[in-house]
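Heads up, data.txt below (compact mmCIF, C-alpha atoms):
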# COMPACT_ATOMS: atom_id res chain seq x y z
CA MET A 1 202.67 212.48 209.74
CA VAL A 2 199.26 211.41 208.41
CA ALA A 3 197.61 208.59 210.36
CA VAL A 4 196.88 205.46 208.37
CA VAL A 5 193.31 204.23 208.62
CA ILE A 6 193.23 200.46 208.93
CA GLU A 7 190.13 198.69 207.68
CA LEU A 8 189.15 195.52 209.51
CA MET A 9 186.38 193.07 208.67
CA ILE A 10 184.68 191.14 211.46
CA LEU A 11 182.56 188.14 210.48
CA VAL A 12 179.83 186.84 212.81
CA SER A 13 178.71 183.30 211.92
CA GLY A 14 176.30 180.89 213.59
CA VAL A 15 176.55 177.17 214.29
CA LEU A 16 172.80 176.51 214.14
CA PRO A 17 170.55 177.04 211.12
CA HIS A 18 168.34 179.28 213.26
CA ASP A 19 168.59 181.16 216.56
CA SER A 20 172.32 180.88 217.19
CA GLY A 21 172.30 184.50 218.37
CA LYS A 22 174.29 186.11 215.53
CA THR A 23 172.31 189.35 215.41
CA THR A 24 172.45 189.84 219.19
CA VAL A 25 176.21 189.31 219.24
CA ALA A 26 176.75 191.52 216.18
CA LYS A 27 174.70 194.44 217.49
CA TYR A 28 176.42 194.50 220.89
CA ILE A 29 179.84 194.28 219.22
CA ILE A 30 178.85 197.29 217.11
CA LYS A 31 177.69 199.20 220.20
CA GLU A 32 180.95 198.45 222.00
CA LEU A 33 183.11 199.44 219.02
CA ILE A 34 181.24 202.73 218.64
CA SER A 35 181.62 203.45 222.37
CA ARG A 36 185.40 203.03 221.95
CA GLY A 37 185.50 205.58 219.14
CA PHE A 38 185.69 203.41 216.03
CA ARG A 39 183.92 204.29 212.77
CA VAL A 40 181.81 201.19 212.23
CA ALA A 41 179.49 200.00 209.47
CA ALA A 42 177.16 197.01 209.65
CA SER A 43 176.58 194.52 206.86
CA LYS A 44 174.10 191.70 206.35
CA PRO A 45 174.96 190.81 202.74
CA ILE A 46 172.33 188.10 202.35
CA ALA A 47 169.07 187.76 204.27
CA GLY A 48 165.81 185.90 204.02
CA HIS A 49 162.58 186.02 205.97
CA SER A 50 159.10 184.58 205.98
CA ALA A 51 155.93 186.39 204.98
CA TRP A 52 154.04 184.19 207.43
CA HIS A 53 156.31 183.66 210.46
CA GLN A 54 157.94 187.12 210.33
CA LEU A 55 154.96 189.24 209.35
CA TYR A 56 156.40 192.32 211.06
CA SER A 57 159.27 192.41 208.55
CA LEU A 58 156.85 192.30 205.63
CA LEU A 59 154.63 195.05 207.07
CA ARG A 60 157.69 197.18 207.82
CA SER A 61 158.97 196.59 204.28
CA ILE A 62 155.67 197.84 202.86
CA GLU A 63 155.94 200.92 205.06
CA LEU A 64 159.55 201.67 204.08
CA GLY A 65 159.22 200.81 200.41
CA VAL A 66 162.09 198.31 200.54
CA LEU A 67 162.07 194.55 201.15
CA VAL A 68 164.13 194.01 204.30
CA GLY A 69 164.23 191.57 207.20
CA ALA A 70 164.31 191.97 210.96
CA ASP A 71 168.07 191.32 211.32
CA ALA A 72 169.04 194.09 208.90
CA LEU A 73 166.55 196.46 210.53
CA GLU A 74 168.05 195.75 213.95
CA LEU A 75 171.64 196.25 212.81
CA HIS A 76 170.66 199.51 211.14
CA ARG A 77 168.89 200.67 214.30
CA VAL A 78 172.00 200.27 216.48
CA CYS A 79 174.52 201.47 213.89
CA GLY A 80 172.81 203.85 211.47
CA VAL A 81 175.44 203.24 208.77
CA PRO A 82 175.43 202.59 205.95
CA ARG A 83 172.54 205.00 205.67
CA ARG A 84 170.57 203.01 203.11
CA LEU A 85 169.15 199.65 204.18
CA GLU A 86 169.82 198.28 200.70
CA VAL A 87 173.54 198.99 201.14
CA LEU A 88 173.58 197.24 204.51
CA ASN A 89 171.65 194.31 202.99
CA PRO A 90 172.08 194.06 199.18
CA LEU A 91 170.26 190.74 198.75
CA ASP A 92 167.01 189.82 200.46
CA THR A 93 164.43 187.10 199.84
CA LEU A 94 160.87 186.68 201.04
CA GLN A 95 159.54 183.15 201.43
CA VAL A 96 155.80 182.59 201.26
CA PRO A 97 153.54 179.90 202.73
CA LEU A 98 151.92 177.57 200.23
CA ASP A 99 148.18 176.89 200.22
CA ILE A 100 147.62 173.21 201.01
CA GLU A 101 144.54 173.17 198.75
CA HIS A 102 146.83 173.50 195.72
CA PHE A 103 148.37 170.07 196.38
CA LYS A 104 147.08 166.58 195.73
CA SER A 105 148.68 165.05 198.80
CA PRO A 106 149.98 166.24 202.20
CA LYS A 107 153.36 164.64 201.42
CA THR A 108 153.80 166.75 198.28
CA TYR A 109 152.79 169.85 200.22
CA ILE A 110 155.31 169.18 203.00
CA ASN A 111 158.09 168.44 200.51
CA CYS A 112 157.46 171.70 198.66
CA MET A 113 157.28 173.71 201.89
CA SER A 114 160.78 172.49 202.78
CA ARG A 115 162.39 173.67 199.53
CA PHE A 116 163.61 177.21 199.01
CA GLU A 117 162.97 177.18 195.27
CA GLU A 118 159.32 176.22 195.88
CA THR A 119 158.60 178.83 198.55
CA VAL A 120 160.56 181.94 197.56
CA GLY A 121 158.05 184.56 196.43
CA VAL A 122 159.96 187.82 196.09
CA ALA A 123 163.64 188.76 196.01
CA ARG A 124 165.53 192.04 195.95
CA ILE A 125 169.03 192.54 194.51
CA SER A 126 170.62 195.95 195.04
CA LYS A 127 173.64 197.57 193.44
CA CYS A 128 175.39 199.86 195.92
CA LEU A 129 176.39 203.21 194.46
CA SER A 130 177.40 204.91 197.71
CA ASP A 131 176.72 204.77 201.44
CA SER A 132 173.36 206.42 200.83
CA GLU A 133 172.45 205.36 197.29
CA ALA A 134 171.50 202.06 195.69
CA GLU A 135 169.67 200.73 192.63
CA SER A 136 167.35 197.81 193.33
CA THR A 137 165.62 195.24 191.18
CA TYR A 138 162.80 193.07 192.52
CA TYR A 139 161.86 189.65 191.22
CA ILE A 140 158.50 188.00 191.81
CA VAL A 141 158.24 184.23 191.32
CA LYS A 142 154.87 183.71 189.62
CA SER A 143 154.61 179.94 190.06
CA ASN A 144 155.05 180.22 193.82
CA VAL A 145 152.93 183.28 194.50
CA ILE A 146 149.88 181.83 192.74
CA ARG A 147 149.99 178.93 195.24
CA THR A 148 149.98 181.27 198.25
CA PRO A 149 146.89 181.89 200.43
CA GLY A 150 144.89 184.90 199.24
CA ARG A 151 145.54 187.09 202.28
CA VAL A 152 149.29 186.73 201.76
CA VAL A 153 148.93 187.52 198.04
CA ASP A 154 147.24 190.77 199.06
CA LEU A 155 150.25 191.69 201.21
CA ILE A 156 152.68 190.84 198.41
CA ASP A 157 150.68 193.09 196.05
CA ARG A 158 150.97 195.90 198.59
CA LEU A 159 154.71 195.31 198.87
CA LEU A 160 155.23 195.40 195.11
CA ASN A 161 153.16 198.56 194.78
CA SER A 162 155.30 200.15 197.47
CA VAL A 163 158.72 199.18 196.09
CA SER A 164 157.82 199.87 192.44
CA ARG A 165 157.82 203.63 193.10
CA ASN A 166 161.64 203.64 193.11
CA SER A 167 162.71 200.25 191.75
CA LYS A 168 162.25 197.89 188.83
CA VAL A 169 159.95 194.88 189.37
CA LEU A 170 160.43 191.86 187.11
CA SER A 171 158.67 188.51 186.93
CA VAL A 172 160.37 185.12 186.76
CA GLU A 173 158.51 181.89 186.14
CA THR A 174 160.09 179.57 188.71
CA GLY A 175 162.25 179.51 191.80
CA GLU A 176 164.99 177.83 189.78
CA ASN A 177 165.04 180.85 187.44
CA LEU A 178 165.48 183.13 190.44
CA ILE A 179 168.27 180.99 191.91
CA SER A 180 170.14 181.31 188.62
CA ILE A 181 169.87 185.12 188.83
CA LEU A 182 171.02 185.15 192.46
CA ARG A 183 173.97 182.93 191.61
CA LYS A 184 175.07 184.89 188.55
CA ARG A 185 174.60 188.46 189.75
CA GLY A 186 173.33 188.72 193.30
CA ILE A 187 176.34 187.36 195.17
CA GLU A 188 178.73 189.43 193.06
CA LEU A 189 176.87 192.63 193.94
CA CYS A 190 176.97 191.70 197.63
CA ASP A 191 180.76 191.53 197.54
CA GLU A 192 181.03 194.78 195.59
CA CYS A 193 178.97 196.47 198.28
CA LEU A 194 181.01 194.94 201.09
CA LYS A 195 184.28 196.09 199.51
CA MET A 196 182.89 199.62 199.19
CA LEU A 197 181.97 199.71 202.89
CA LEU A 198 185.38 198.38 203.86
CA SER A 199 187.07 201.19 201.95
CA ARG A 200 185.08 203.85 203.84
CA TYR A 201 184.99 202.64 207.45
CA GLU A 202 187.57 201.51 209.99
CA ILE A 203 185.63 198.38 210.86
CA VAL A 204 182.83 196.52 209.08
CA VAL A 205 180.85 193.98 211.10
CA VAL A 206 179.40 191.34 208.76
CA GLU A 207 176.61 189.03 209.90
CA SER A 208 176.20 185.78 208.00
CA PHE A 209 172.83 184.08 207.46
CA ASN A 210 171.43 180.82 208.83
CA ASP A 211 174.38 178.47 209.44
CA ALA A 212 176.45 179.62 206.45
CA ALA A 213 180.08 179.92 207.50
CA ALA A 214 180.31 183.09 205.39
CA PRO A 215 177.63 184.75 203.25
CA THR A 216 180.01 185.44 200.33
CA ARG A 217 183.51 184.52 199.15
CA PHE A 218 184.92 187.93 200.04
CA SER A 219 183.44 187.88 203.55
CA SER A 220 185.18 184.54 204.17
CA MET A 221 188.44 186.54 204.14
CA ALA A 222 187.54 188.45 207.32
CA ASP A 223 190.32 189.50 209.68
CA ILE A 224 188.65 187.90 212.69
CA VAL A 225 185.64 185.59 213.00
CA PHE A 226 183.21 185.16 215.88
CA ILE A 227 181.33 181.84 215.70
CA VAL A 228 178.17 181.99 217.76
CA SER A 229 176.15 179.31 219.54
CA PRO A 230 173.72 179.82 222.44
CA GLY A 231 175.83 180.90 225.42
CA LYS A 232 179.24 180.79 223.69
CA VAL A 233 181.25 182.67 221.07
CA MET A 234 184.38 181.11 219.58
CA VAL A 235 187.05 183.57 218.45
CA VAL A 236 188.87 182.42 215.30
CA ASP A 237 191.81 183.91 213.43
CA GLY A 238 190.67 185.13 210.02
CA LYS A 239 193.48 183.49 208.04
CA ARG A 240 192.81 180.09 209.63
CA PHE A 241 189.11 180.47 208.99
CA SER A 242 189.64 181.39 205.33
CA LYS A 243 191.96 178.43 204.83
CA ALA A 244 189.40 176.03 206.31
CA PHE A 245 186.57 177.63 204.31
CA ASN A 246 188.39 177.19 201.01
CA LEU A 247 189.41 173.64 201.86
CA VAL A 248 185.78 172.60 202.31
CA LEU A 249 184.71 174.68 199.32
CA ASN A 250 187.16 172.85 197.05
CA VAL A 251 185.94 169.45 198.24
CA GLU A 252 182.21 170.07 197.90
CA LEU A 253 181.31 172.46 195.12
CA ASN A 254 177.52 172.29 195.21
CA LEU A 255 176.48 172.71 198.83
CA HIS A 256 173.77 175.31 198.37
CA PRO A 257 171.20 175.99 195.66
CA TRP A 258 172.65 179.47 195.07
CA GLY A 259 176.10 178.07 194.42
CA ALA A 260 178.95 176.68 196.48
CA TRP A 261 178.11 177.15 200.15
CA VAL A 262 179.92 176.08 203.30
CA THR A 263 178.23 175.60 206.66
CA THR A 264 179.87 176.54 209.93
CA SER A 265 179.60 172.98 211.25
CA GLN A 266 181.60 171.72 208.26
CA ILE A 267 184.62 173.85 209.03
CA LEU A 268 184.54 173.81 212.84
CA PRO A 269 186.53 170.53 213.08
CA LEU A 270 189.31 172.24 211.10
CA LEU A 271 189.59 175.23 213.44
CA ARG A 272 191.34 175.90 216.71
CA PRO A 273 189.77 178.93 218.43
CA MET A 274 191.98 181.66 219.88
CA GLY A 275 189.50 181.90 222.71
CA ILE A 276 185.95 181.19 223.84
CA VAL A 277 183.79 183.88 225.42
CA ASP A 278 180.69 183.18 227.51
CA VAL A 279 177.51 185.04 226.50
CA GLU A 280 175.33 186.06 229.41
CA PRO A 281 171.54 185.77 229.10
CA ILE A 282 170.05 189.09 227.97
CA TYR A 283 166.61 190.39 228.81
CA GLY A 284 165.53 193.69 227.31
CA GLU A 285 167.89 196.24 225.80
CA LYS A 286 171.30 197.01 227.28
CA ASP A 287 173.88 199.64 226.38
CA LYS A 288 176.81 197.31 227.12
CA THR A 289 177.41 193.62 227.73
CA GLU A 290 180.34 191.79 229.26
CA PHE A 291 180.75 189.43 226.33
CA ALA A 292 180.90 192.28 223.79
CA SER A 293 183.62 194.01 225.79
CA LYS A 294 185.71 190.82 225.80
CA LEU A 295 185.17 190.20 222.08
CA VAL A 296 186.07 193.78 221.17
CA ASP A 297 189.28 193.42 223.18
CA TYR A 298 190.37 190.86 220.57
CA VAL A 299 189.51 193.32 217.80
CA VAL A 300 191.45 196.15 219.47
CA LYS A 301 194.54 193.96 219.84
CA LEU A 302 194.32 193.05 216.15
CA HIS A 303 193.84 196.71 215.22
CA GLU A 304 196.90 197.66 217.25
CA ARG A 305 199.04 194.99 215.57
CA THR A 306 198.03 196.17 212.10
CA THR A 307 198.92 199.80 212.89
CA MET A 308 202.37 199.04 214.31

Represent the structure of the file as structure tokens.
Amino acid sequence: MVAVVIELMILVSGVLPHDSGKTTVAKYIIKELISRGFRVAASKPIAGHSAWHQLYSLLRSIELGVLVGADALELHRVCGVPRRLEVLNPLDTLQVPLDIEHFKSPKTYINCMSRFEETVGVARISKCLSDSEAESTYYIVKSNVIRTPGRVVDLIDRLLNSVSRNSKVLSVETGENLISILRKRGIELCDECLKMLLSRYEIVVVESFNDAAAPTRFSSMADIVFIVSPGKVMVVDGKRFSKAFNLVLNVELNLHPWGAWVTTSQILPLLRPMGIVDVEPIYGEKDKTEFASKLVDYVVKLHERTTM
């Protein structure tokens, strides 16, 4: 009798806009799953990072010839699959600091610095062809880059020179133009990539971004969801999560500039966790953690039920 391979999707979401601990939880879950013999792929469908506050990511992107953030790099380091970073992370954006001298008043400067469409400088959208092959297109937002300090412009030029060896580079006039492209094509390609990974691996661990409940519509249909806050992880049944996600989505259809977006805090009141796992403080790199072992126990039980 031929064994049936069951594909499971795990979604890791964060309660806070920043520093919930999603990447730490995701990477230790991946390590634990691999140690138990599962074929695991990592996915960070949508990511964004700052050319100023996360300079390492930009310098590493120039070195690799692909725009990629620290979270995707970390997941790839612990997992190694999919082999191409663009397949692990099909959509990535780079936000740039604005030069205050370009603005007539500090208030206008601060308002622009707080808006994604005013600060996004470069974006990458990748079409996944296989685990190890992708076609990428880069978009540079002219109106934002020209308002960036000169030293940062130099780095962006280096990035574009690096990525243009293997990818198309296109210009768009404004951040709003880019958002339209991301909405129409980018999110769709993310889900296509995620479905491909799910067809090839036993388990796919998907990390959301910021405080988005799910990065894409397809990822909101995960089999099990881990909702992360500092020190705690809530374990949520995938069907309940998807029901709550769609309920909020149908009520508020314009939550995010890229399209309809749902935050984790919006759906938490509609959920009843199956369990809550404490996350111990972590210093340095560990092979195993207690919280990951407990979380993976939930995954194993679900895997066993689906194979019965």

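Between atom CA of A:Ala214 and atom CA of A:Glu290 there is a distance of 25.4 Å.
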
Taking all atoms listed in the file into account, produce a table as JSON lines in which each residue of stretch 57-109 of chain A with an atom at most 12 Å from an atom of stretch 165-176 of chain A appears once, together with its shortest atom pair and the distance in Å to one decimal, ordered by chain and rising number.
{"residue": "A:Ile62", "atom": "CA", "partner": "A:Arg165", "partner_atom": "CA", "distance": 11.6}
{"residue": "A:Leu64", "atom": "CA", "partner": "A:Arg165", "partner_atom": "CA", "distance": 11.3}
{"residue": "A:Gly65", "atom": "CA", "partner": "A:Arg165", "partner_atom": "CA", "distance": 8.0}
{"residue": "A:Val66", "atom": "CA", "partner": "A:Ser167", "partner_atom": "CA", "distance": 9.0}
{"residue": "A:Leu67", "atom": "CA", "partner": "A:Ser167", "partner_atom": "CA", "distance": 11.0}
{"residue": "A:Glu86", "atom": "CA", "partner": "A:Ser167", "partner_atom": "CA", "distance": 11.6}
{"residue": "A:Thr93", "atom": "CA", "partner": "A:Gly175", "partner_atom": "CA", "distance": 11.3}
{"residue": "A:Leu94", "atom": "CA", "partner": "A:Gly175", "partner_atom": "CA", "distance": 11.8}
{"residue": "A:Gln95", "atom": "CA", "partner": "A:Gly175", "partner_atom": "CA", "distance": 10.6}
{"residue": "A:Val96", "atom": "CA", "partner": "A:Gly175", "partner_atom": "CA", "distance": 11.9}

In terms of the shortest atom-to-atom distance over all atoms listed in the file, which of A:Val152, A:Val15, A:Ile282, A:Leu75 is closest to A:Leu59?
A:Val152

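Nearest residue to A:Ser242, choosing from A:Val120, A:Leu11, A:Ala41, A:Leu91 and counting all atoms listed in the file: A:Leu11.
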
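Going from atom CA of A:Arg183 over to atom CA of A:Thr216, you cover 10.9 Å.
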
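Coordinates place atom CA of A:Ile276 at a distance of 21.5 Å from atom CA of A:Val204.
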
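Closest approach to A:Ser61 among A:Arg305, A:Val236, A:Leu73, A:Ser220: A:Leu73, based on only C-alpha atoms.
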
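Proximity of A:Glu117, A:Asp99, A:Asp237, A:Glu135 to A:Leu85, computed with all atoms listed in the file, is greatest for A:Glu135.
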
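Polymer residues near (179.3, 188.2, 214.4): counting all atoms listed in the file with a cut-off of 6 Å, they are Leu11, Val12, Ser13, Lys22, Val25, Ala26, Glu207 and Phe226 of chain A.
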
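Closest to A:Thr307 among A:Ser265, A:Leu55, A:Glu202, A:Asn250 is A:Glu202, based on only C-alpha atoms.
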
Neighbour list for A:Tyr109 as JSON, numbers by chain, cut-off 12 Å, only C-alpha atoms, skip fewer than 6 positions in-chain:
{"A": [97, 98, 99, 100, 101, 102, 103, 115, 118, 119, 147, 148]}

Would you pick out the contacts of A:Val277 at 12 Å or less, using only C-alpha atoms, so that residues sharing its chain but fewer than 2 positions from it are not included, and give the list as a list in words?
Val25, Phe226, Ile227, Val228, Ser229, Pro230, Gly231, Lys232, Val233, Met234, Val235, Val236, Pro273, Met274, Gly275, Val279, Glu280, Thr289, Glu290, Phe291, Ala292, Ser293, Lys294, Leu295, Val296, Asp297 and Tyr298 of chain A

Excluding same-chain residues fewer than 4 positions from A:Tyr56, what lies within 9 Å of it counting only C-alpha atoms, as JSON, numbers by chain?
{"A": [51, 60, 61, 69, 70]}

Shell around A:Arg240 at 9 Å using all atoms listed in the file, local window under 5 positions removed, as a short mmCIF file (atom, residue, chain, number, x, y, z; two decimals) with C-alpha atoms, in the frame of the given file:
data_model
loop_
_atom_site.label_atom_id
_atom_site.label_comp_id
_atom_site.auth_asym_id
_atom_site.auth_seq_id
_atom_site.Cartn_x
_atom_site.Cartn_y
_atom_site.Cartn_z
CA PHE A 245 186.57 177.63 204.31
CA LEU A 270 189.31 172.24 211.10
CA LEU A 271 189.59 175.23 213.44
CA ARG A 272 191.34 175.90 216.71
#
